[in-house]
Every structure is written in structure tokens, then in C-alpha cells.
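> Could you have a look at this structure, given as C-alpha cells, before my questions?
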Number of protein chains: 2
Amino acid sequence: MRYLITFSYDGTSFYGYQKQPKLRTVEGELESALKFISGGEDITIHSSGRTDRGVHAINQYAHFDLNKDITLYKLKCALNTHTSNDIYIKKVEIVDNLFHARYSVKKKTYIYKLNTNEYNPLERNYVFQYNKKLDINKMNTEIKNLIGKHDYSSFVNMEDKKESYIRTIYDAYINEDNGIITFTFIGDGFLKYQIRNMVGALIEVCTKNRSIKSILEAKDRTTFGKIAPPEGLYLLDVEY
Amino acid sequence: MRYLITFSYDGTSFYGYQKQPKLRTVEGELESALKFISGGEDITIHSSGRTDRGVHAINQYAHFDLNKDITLYKLKCALNTHTSNDIYIKKVEIVDNLFHARYSVKKKTYIYKLNTNEYNPLERNYVFQYNKKLDINKMNTEIKNLIGKHDYSSFVNMEDKKESYIRTIYDAYINEDNGIITFTFIGDGFLKYQIRNMVGALIEVCTKNRSIKSILEAKDRTTFGKIAPPEGLYLLDVEY
């Protein structure tokens, strides 16, 4: 039986999503729980994609195959019992055997939160604290140049070799609410560090008078400076 | 020179406010910073009052005496440099030598947050997760019986001996916003565990059909059950 789980996590205390020997990761913790629930069997989970260390998920998805006579409700409870309190399994459902949490993805939505108010220690792991002046209208015009089917190699780590850096961004926009600036990106998939680099570049649009078009067209990560830190980034949702 | 600082902290990773040998506390961390800033002198800080382990502060206040030629701005920066990122000093000002952060308090406001929505791992240290049914109108009627000058010994730990359990609550009320219930208490001062016990009692008003009047008049902590956990409690502000 193939199961799909919807879950959220606080990325602060994990060494990222992906399983790593001896380190506490989201994937590692879920697979340990499943091993316990299945009675000792090694069960591989397949998520919609990794998130980096410190990045959060509001709705992340993963599938796995499990042969056990258990109700969906009991499986949800068992997963929540055997994972720590910075992961929460929201939903467990049965899916077709052809469904794949990574390959069946249609759209992914990420948000990035930036706090321009006074530093708040209670929010320190959940927003990027940024106190220089930003022109939101300018960023909102520039961000539109990221929409479309493009080679996004300007926004990846140079060492991170891929067959293709072409992805499609369906929509991208910026909101401000009481000093919290939220960047939203909706696309068919994103490269490692792509969103944090796009946010970093959008900040330089204001602080260094850069243009997104020229950064994008350079296809070269070295044309701008800082990547935005992980604590502001959230995987908001995935559409299948 | 007597200084008053306004500061906030995330109580999650501290062993409470009050200084304790070998444990990381808010008071301990601030005094270490001041010792460094003063060049090795032991400086005692006096806060508006302690908060328990896991309890947060949005605006906490403390005074200390320091003989050093330093601007307010530089002292603020130095304090923030020498404390960790779960404390933030918002303001430093000079006060009269007769001012005392504890004895000069006129009013204190605490809030208590309860989440009745689905569990959110990102909020786990900042709200009390509560998923049984609560009658907010009933609690809002009952909470009014806590207002006034009363002996609040029903809401303290029995072992916590005090000369007087009489305090005055000026106002107390409950709001709900999208499944987050916020209790607000404004008073001249609160006993240890008083607010968390009052919240626990107000929950029992709904779940066990209790009356606040009878609990208050009993002057006996054993008449009701559970204390509410610390993570939902915030010192919101102090009036001098």
C-alpha cells in the first residue's frame, strides 16, 4: 500500500531535511518512526524535495510503501508519537502506486519572510532580520523578471552541477504587512539555494541598484553578493 | 548613574529568569554582559520581577547602577553584543536614583496564549496547545470574578509561603482570533504561578463546570487540577 503524508516542521533544530548518518534530520526521523511502526522493516520515504538546514515547511509531502493492517488515523497517531514535537504529520492518505511525491509534483510554493521591524528574539528562527531601507515597489517590479521559463544558473551554487538549470516560475510577488515583507514564489520546482539567492538578489536591486534581468541573463552566480539566510524560508505547499 | 533597560526574551532555552549557579538564566546572562562592559565589576540588576522557566517577555524591565562614561546608544549596543540572540535590549534610559524596577511597579500586564487550531510545530514553544472544547463566553464571564482585591492563595503553590497572598487585579479578559485564545491579566503584581493557575482554573470552568468564585473563596490550591504550561505565558508590559 502506498501512503502519502502531509507534514510540517520547524527546521531550526534539524541538520536539514535529507538523511545523514548520526545527524538529526527530518527524513531520518520519519524513517526511524516508520521502521518502528512496521516492526523493524527499513522503509524509504520519498518527499517532494529536500529543504536545507534551518528551512521550515508548512506543508511538505512524502510517500512510502508499507504493508501493515492499520487505519489511516492510527498511522497518523503512530507517526506523531514516534517523531519529536518539531515535526507534525497533518494527514495520511492512500495513493495510487503510480503516484510519486517528487515526480508527480505540478507546482511548489515557497515563501520567504523578512522582518524590517525591531529585532524580536521570539521570531529569531522564523524571519530574516533586515533593517536597511528596501523599496518594495521596485522589488515588486523587478521580481516579475524572474517569472517564466529561464535558466536560473545565476541563482545556484557554482559547485552544484546539474544537467539543467532551466525551471519555470509561474508567479512571484511581494507583500508587506506591518513591517513583515513576504516574498512568494510559485514554480514547477526550484534549484538548491535558488530562492534564497533570488531573495538576496532582490535585496541588491534596492541596496546596490542592480537589475534582475541583468543578473538572470549573466547565468553567473558571482554577479551579486549575499544569499539570504535559511530561517526566513518556508515550503508553503505543493500541488499534485 | 542608574539605568533602566527594557528588554524582551524567548524563555524557551533559559532555566528561568533568576540567576542560578551554572545554569543559563536571563538575569545571569545580563549580569555577565554588564560585568564585561563595566570592566570586571559585579553589577546587580533588579528586574520588575522573575518569570518562570519557559515563560517569555515582550517588555521586561530592570535597573542597575553603573559608573562608566558611555552613551545610551553604545550601552544598548554593548548589551546586545554581549547577550545571546534570545534576549534583546530594546531601550536604555537614565532614571532617578529613587527609581526601583521592582518597587516602583504600578501595573503589570501578562498575556496567555492558547492554540485551539491544529498543532503547529513552528509555534510549539509559544502557545499552549489545547484541543478540547472551550466556551469562551462562559470563561469571559467567569474571569470577571478574578478582578478586584483578593486573597489569591487558591492560585499559588502550597509550598510557596508568602506573608500575604492579597493582590489586586485591575482587569482581566479573553479574546479569540482565528482559533488563538488570548487571556489578558492586568494587576499590581502576581504571585508565582498565579496566572498559569488562573488559566488552568478557567479551563476547568468549561471542562469540569467549576466556578471561579468558589475556587477563589476556597483559598486552597487543591480544589482544582492542572496548572497551564509555561510556553503560553508572556510578560507583555509593566507600567511605572
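Chain labels run A, B, ... following the order of the C-alpha cells; each chain numbers its residues from 1, and ligands are numbered from 1 in the order shown.
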Counting only C-alpha atoms, which residues of chain B fall within 12 Å of chain A, and what is the closest atom pair for each with its distance in Å at one decimal, ordered by chain and rising number, as JSON lines?

{"residue": "B:Phe7", "atom": "CA", "partner": "A:Pro121", "partner_atom": "CA", "distance": 9.8}
{"residue": "B:Ser8", "atom": "CA", "partner": "A:Pro121", "partner_atom": "CA", "distance": 6.9}
{"residue": "B:Tyr9", "atom": "CA", "partner": "A:Pro121", "partner_atom": "CA", "distance": 5.8}
{"residue": "B:Asp10", "atom": "CA", "partner": "A:Leu122", "partner_atom": "CA", "distance": 5.1}
{"residue": "B:Gly11", "atom": "CA", "partner": "A:Leu122", "partner_atom": "CA", "distance": 8.6}
{"residue": "B:Thr12", "atom": "CA", "partner": "A:Leu122", "partner_atom": "CA", "distance": 9.2}
{"residue": "B:Ser13", "atom": "CA", "partner": "A:Leu122", "partner_atom": "CA", "distance": 11.2}
{"residue": "B:Gly54", "atom": "CA", "partner": "A:Leu122", "partner_atom": "CA", "distance": 11.9}
{"residue": "B:Val55", "atom": "CA", "partner": "A:Leu122", "partner_atom": "CA", "distance": 11.2}
{"residue": "B:His56", "atom": "CA", "partner": "A:Leu122", "partner_atom": "CA", "distance": 8.2}
{"residue": "B:Ala57", "atom": "CA", "partner": "A:Leu122", "partner_atom": "CA", "distance": 9.0}
{"residue": "B:Ile58", "atom": "CA", "partner": "A:Asn120", "partner_atom": "CA", "distance": 8.6}
{"residue": "B:Asn59", "atom": "CA", "partner": "A:Asn120", "partner_atom": "CA", "distance": 10.9}
{"residue": "B:Asn80", "atom": "CA", "partner": "A:Tyr119", "partner_atom": "CA", "distance": 10.8}
{"residue": "B:Thr83", "atom": "CA", "partner": "A:Pro121", "partner_atom": "CA", "distance": 11.4}
{"residue": "B:Ser84", "atom": "CA", "partner": "A:Pro121", "partner_atom": "CA", "distance": 9.4}
{"residue": "B:Asn85", "atom": "CA", "partner": "A:Pro121", "partner_atom": "CA", "distance": 6.3}
{"residue": "B:Asp86", "atom": "CA", "partner": "A:Pro121", "partner_atom": "CA", "distance": 4.7}
{"residue": "B:Ile87", "atom": "CA", "partner": "A:Pro121", "partner_atom": "CA", "distance": 5.9}
{"residue": "B:Tyr88", "atom": "CA", "partner": "A:Pro121", "partner_atom": "CA", "distance": 6.2}
{"residue": "B:Ile89", "atom": "CA", "partner": "A:Tyr119", "partner_atom": "CA", "distance": 9.4}
{"residue": "B:Lys90", "atom": "CA", "partner": "A:Glu118", "partner_atom": "CA", "distance": 8.2}
{"residue": "B:Lys91", "atom": "CA", "partner": "A:Glu118", "partner_atom": "CA", "distance": 11.1}
{"residue": "B:Asn117", "atom": "CA", "partner": "A:Lys90", "partner_atom": "CA", "distance": 11.8}
{"residue": "B:Glu118", "atom": "CA", "partner": "A:Lys90", "partner_atom": "CA", "distance": 8.2}
{"residue": "B:Tyr119", "atom": "CA", "partner": "A:Tyr88", "partner_atom": "CA", "distance": 7.4}
{"residue": "B:Asn120", "atom": "CA", "partner": "A:Tyr88", "partner_atom": "CA", "distance": 7.1}
{"residue": "B:Pro121", "atom": "CA", "partner": "A:Asp86", "partner_atom": "CA", "distance": 4.7}
{"residue": "B:Leu122", "atom": "CA", "partner": "A:Asp10", "partner_atom": "CA", "distance": 5.1}
{"residue": "B:Glu123", "atom": "CA", "partner": "A:Asp10", "partner_atom": "CA", "distance": 8.7}
{"residue": "B:Arg124", "atom": "CA", "partner": "A:Asp86", "partner_atom": "CA", "distance": 7.5}
{"residue": "B:Asn125", "atom": "CA", "partner": "A:Leu122", "partner_atom": "CA", "distance": 9.4}
{"residue": "B:Tyr126", "atom": "CA", "partner": "A:Leu122", "partner_atom": "CA", "distance": 8.3}
{"residue": "B:Val127", "atom": "CA", "partner": "A:Leu122", "partner_atom": "CA", "distance": 11.9}
{"residue": "B:Gln129", "atom": "CA", "partner": "A:Asn85", "partner_atom": "CA", "distance": 11.7}
{"residue": "B:Glu231", "atom": "CA", "partner": "A:Leu122", "partner_atom": "CA", "distance": 11.6}
{"residue": "B:Tyr234", "atom": "CA", "partner": "A:Leu122", "partner_atom": "CA", "distance": 10.7}
> Let's see if you can do this: from backbone DSSP, list all strand (DSSP E or B) residues in range 63-202 of chain B, as a PyMOL selection string.
chain B and resi 63-65+87-95+107-115+128-129+148-151+166-177+180-187
> Do a neighbour search on Thr168 in chain A at 8 Å with only C-alpha atoms, toss out local chain neighbours closer than 3 positions, and write the hits as a list of chain:residue names.
A:Ile147, A:Gly148, A:Lys149, A:His150, A:Gly187, A:Asp188, A:Gly189
> Could you take the residues named above and write them with all heavy atoms, as a compact mmCIF listing (two decimals), in the first residue's frame?

# COMPACT_ATOMS: atom_id res chain seq x y z
N ILE A 147 9.77 35.61 -13.48
CA ILE A 147 8.67 34.75 -13.93
C ILE A 147 8.94 34.26 -15.35
O ILE A 147 9.50 34.98 -16.18
CB ILE A 147 7.32 35.52 -13.86
CG1 ILE A 147 7.03 35.93 -12.41
CG2 ILE A 147 6.17 34.69 -14.43
CD1 ILE A 147 5.81 36.83 -12.23
N GLY A 148 8.58 33.01 -15.59
CA GLY A 148 8.74 32.44 -16.94
C GLY A 148 9.64 31.22 -16.90
O GLY A 148 10.00 30.73 -15.82
N LYS A 149 9.99 30.74 -18.09
CA LYS A 149 10.89 29.59 -18.21
C LYS A 149 12.29 30.14 -18.48
O LYS A 149 12.53 30.80 -19.50
CB LYS A 149 10.43 28.71 -19.37
CG LYS A 149 11.15 27.37 -19.46
CD LYS A 149 10.51 26.47 -20.51
CE LYS A 149 11.27 25.14 -20.59
NZ LYS A 149 10.60 24.20 -21.50
N HIS A 150 13.18 29.93 -17.52
CA HIS A 150 14.51 30.53 -17.63
C HIS A 150 15.60 29.55 -17.18
O HIS A 150 15.32 28.60 -16.46
CB HIS A 150 14.62 31.77 -16.72
CG HIS A 150 13.71 32.90 -17.09
ND1 HIS A 150 13.87 33.66 -18.22
CD2 HIS A 150 12.60 33.38 -16.46
CE1 HIS A 150 12.92 34.58 -18.27
NE2 HIS A 150 12.12 34.43 -17.22
N GLY A 187 6.42 27.78 -8.61
CA GLY A 187 7.11 27.27 -9.79
C GLY A 187 6.97 25.77 -9.91
O GLY A 187 6.38 25.11 -9.04
N ASP A 188 7.51 25.22 -11.00
CA ASP A 188 7.43 23.77 -11.19
C ASP A 188 8.48 23.03 -10.35
O ASP A 188 8.42 21.81 -10.21
CB ASP A 188 7.54 23.39 -12.68
CG ASP A 188 8.86 23.81 -13.32
OD1 ASP A 188 9.65 24.54 -12.66
OD2 ASP A 188 9.10 23.43 -14.47
N GLY A 189 9.40 23.77 -9.80
CA GLY A 189 10.45 23.19 -8.97
C GLY A 189 11.56 24.23 -8.86
O GLY A 189 11.66 25.13 -9.70
> Residues within 8 Å of Leu79 in chain B, please, as number ranges by chain. Count only C-alpha atoms; anything in the same chain fewer than 4 positions from it doesn't count.
B: 30, 33-34, 37, 75, 83, 89
> Keeping only C-alpha atoms, write the selected residues as a compact mmCIF listing (two decimals), in the first residue's frame.

# COMPACT_ATOMS: atom_id res chain seq x y z
CA LEU B 30 22.58 40.18 31.62
CA ALA B 33 27.30 41.22 29.98
CA LEU B 34 27.38 44.10 32.48
CA ILE B 37 31.03 46.14 29.93
CA LEU B 75 25.39 50.83 26.17
CA THR B 83 24.00 38.69 25.32
CA ILE B 89 17.62 45.02 24.80
> Tell me which protein, DNA and RNA residues are within 10 Å of Glu41 in chain A, counting only C-alpha atoms, leaving out same-chain ones fewer than 5 positions away, and put them as a ChimeraX atom specification.
/A:31-32,34-36,66-67
> So what do you get for CA of Asp65 in chain A versus CA of Met1 in chain A, distance-wise?
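Answer for the CA of Asp65 in chain A to CA of Met1 in chain A separation: 5.5 Å.
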> Determine, counting only C-alpha atoms, which protein, DNA and RNA residues have an atom within 12 Å of an atom of Ile169 in chain B; residues of the same chain fewer than 3 positions away are not included. Present the result as an mmCIF file with N, CA and C atoms, in the first residue's frame.

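Dumped everything to part_8.cif:
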data_model
loop_
_atom_site.group_PDB
_atom_site.id
_atom_site.type_symbol
_atom_site.label_atom_id
_atom_site.label_comp_id
_atom_site.auth_asym_id
_atom_site.auth_seq_id
_atom_site.Cartn_x
_atom_site.Cartn_y
_atom_site.Cartn_z
ATOM 1 N N LYS B 106 3.703 49.981 38.975
ATOM 2 C CA LYS B 106 2.310 50.328 39.228
ATOM 3 C C LYS B 106 1.361 49.240 38.719
ATOM 4 N N LYS B 107 1.647 48.760 37.523
ATOM 5 C CA LYS B 107 0.777 47.770 36.879
ATOM 6 C C LYS B 107 1.623 46.834 36.055
ATOM 7 N N LYS B 108 1.195 45.598 36.024
ATOM 8 C CA LYS B 108 1.833 44.623 35.135
ATOM 9 C C LYS B 108 0.777 43.974 34.266
ATOM 10 N N THR B 109 1.112 43.746 33.010
ATOM 11 C CA THR B 109 0.191 43.053 32.119
ATOM 12 C C THR B 109 0.838 41.773 31.611
ATOM 13 N N TYR B 110 0.135 40.688 31.814
ATOM 14 C CA TYR B 110 0.550 39.391 31.266
ATOM 15 C C TYR B 110 -0.503 38.922 30.270
ATOM 16 N N ILE B 143 -14.078 35.002 34.323
ATOM 17 C CA ILE B 143 -12.798 35.681 34.573
ATOM 18 C C ILE B 143 -13.019 36.992 35.344
ATOM 19 N N LYS B 144 -14.199 37.576 35.185
ATOM 20 C CA LYS B 144 -14.507 38.841 35.872
ATOM 21 C C LYS B 144 -14.468 38.680 37.393
ATOM 22 N N ASN B 145 -14.730 37.461 37.878
ATOM 23 C CA ASN B 145 -14.684 37.198 39.320
ATOM 24 C C ASN B 145 -13.261 37.221 39.876
ATOM 25 N N LEU B 146 -12.273 37.278 38.986
ATOM 26 C CA LEU B 146 -10.885 37.382 39.450
ATOM 27 C C LEU B 146 -10.473 38.844 39.645
ATOM 28 N N ILE B 147 -11.258 39.760 39.071
ATOM 29 C CA ILE B 147 -10.936 41.190 39.167
ATOM 30 C C ILE B 147 -11.219 41.699 40.580
ATOM 31 N N GLY B 148 -10.363 42.598 41.066
ATOM 32 C CA GLY B 148 -10.564 43.196 42.388
ATOM 33 C C GLY B 148 -9.403 42.887 43.304
ATOM 34 N N LYS B 149 -9.563 43.228 44.571
ATOM 35 C CA LYS B 149 -8.534 42.963 45.579
ATOM 36 C C LYS B 149 -8.930 41.677 46.295
ATOM 37 N N HIS B 150 -8.123 40.654 46.126
ATOM 38 C CA HIS B 150 -8.490 39.342 46.670
ATOM 39 C C HIS B 150 -7.274 38.643 47.262
ATOM 40 N N ASP B 151 -7.555 37.663 48.092
ATOM 41 C CA ASP B 151 -6.546 36.708 48.535
ATOM 42 C C ASP B 151 -6.507 35.611 47.472
ATOM 43 N N TYR B 152 -5.374 35.545 46.730
ATOM 44 C CA TYR B 152 -5.291 34.606 45.593
ATOM 45 C C TYR B 152 -4.587 33.299 45.977
ATOM 46 N N ILE B 166 -2.571 38.591 49.094
ATOM 47 C CA ILE B 166 -3.520 39.593 48.610
ATOM 48 C C ILE B 166 -2.868 40.430 47.504
ATOM 49 N N ALA B 172 -9.206 41.848 33.552
ATOM 50 C CA ALA B 172 -8.914 40.509 33.037
ATOM 51 C C ALA B 172 -9.958 40.188 31.993
ATOM 52 N N TYR B 173 -9.510 39.720 30.836
ATOM 53 C CA TYR B 173 -10.465 39.407 29.755
ATOM 54 C C TYR B 173 -9.842 38.429 28.769
ATOM 55 N N THR B 184 -5.836 38.026 29.011
ATOM 56 C CA THR B 184 -5.061 39.193 29.445
ATOM 57 C C THR B 184 -5.362 39.463 30.917
ATOM 58 N N PHE B 185 -4.307 39.677 31.690
ATOM 59 C CA PHE B 185 -4.458 39.984 33.123
ATOM 60 C C PHE B 185 -3.649 41.235 33.439
ATOM 61 N N ILE B 186 -4.292 42.227 34.019
ATOM 62 C CA ILE B 186 -3.611 43.459 34.418
ATOM 63 C C ILE B 186 -3.764 43.614 35.924
ATOM 64 N N GLY B 187 -2.633 43.727 36.627
ATOM 65 C CA GLY B 187 -2.725 43.806 38.083
ATOM 66 C C GLY B 187 -1.550 44.541 38.681
ATOM 67 N N ASP B 188 -1.589 44.713 39.988
ATOM 68 C CA ASP B 188 -0.474 45.422 40.657
ATOM 69 C C ASP B 188 0.730 44.509 40.848
ATOM 70 N N GLY B 189 0.529 43.226 40.625
ATOM 71 C CA GLY B 189 1.601 42.246 40.775
ATOM 72 C C GLY B 189 0.958 40.878 40.875
ATOM 73 N N PHE B 190 1.723 39.846 40.547
ATOM 74 C CA PHE B 190 1.150 38.500 40.559
ATOM 75 C C PHE B 190 2.050 37.569 41.346
ATOM 76 N N LEU B 191 1.447 36.596 42.010
ATOM 77 C CA LEU B 191 2.198 35.597 42.765
ATOM 78 C C LEU B 191 2.791 34.563 41.804
ATOM 79 N N GLN B 194 0.618 32.233 39.702
ATOM 80 C CA GLN B 194 -0.771 32.690 39.806
ATOM 81 C C GLN B 194 -1.489 32.706 38.452
ATOM 82 N N ILE B 195 -0.838 33.263 37.444
ATOM 83 C CA ILE B 195 -1.534 33.387 36.157
ATOM 84 C C ILE B 195 -1.745 32.026 35.524
ATOM 85 N N MET B 198 -4.552 30.464 37.280
ATOM 86 C CA MET B 198 -5.846 31.073 36.938
ATOM 87 C C MET B 198 -6.314 30.575 35.576
#
> When you count only C-alpha atoms, which of these residues is closest to Ile181 in chain A: A:Asn140, A:Asn209, A:Ser164, A:Asn157?
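Looking at the shortest contact to Ile181 in chain A, the residue is A:Asn140.
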> Neighbouring residues of Ile94 in chain A were defined as those with any atom within 9 Å, considering only C-alpha atoms; residues of the same chain fewer than 5 positions away were excluded. Please report them as a PyMOL selection string.
chain A and resi 1-5+72
> For the atom pair CA of Gly179 in chain A and CA of Asn115 in chain A, what is the interatomic distance in Å to one decimal place?
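Between CA of Gly179 in chain A and CA of Asn115 in chain A the gap is 6.2 Å.
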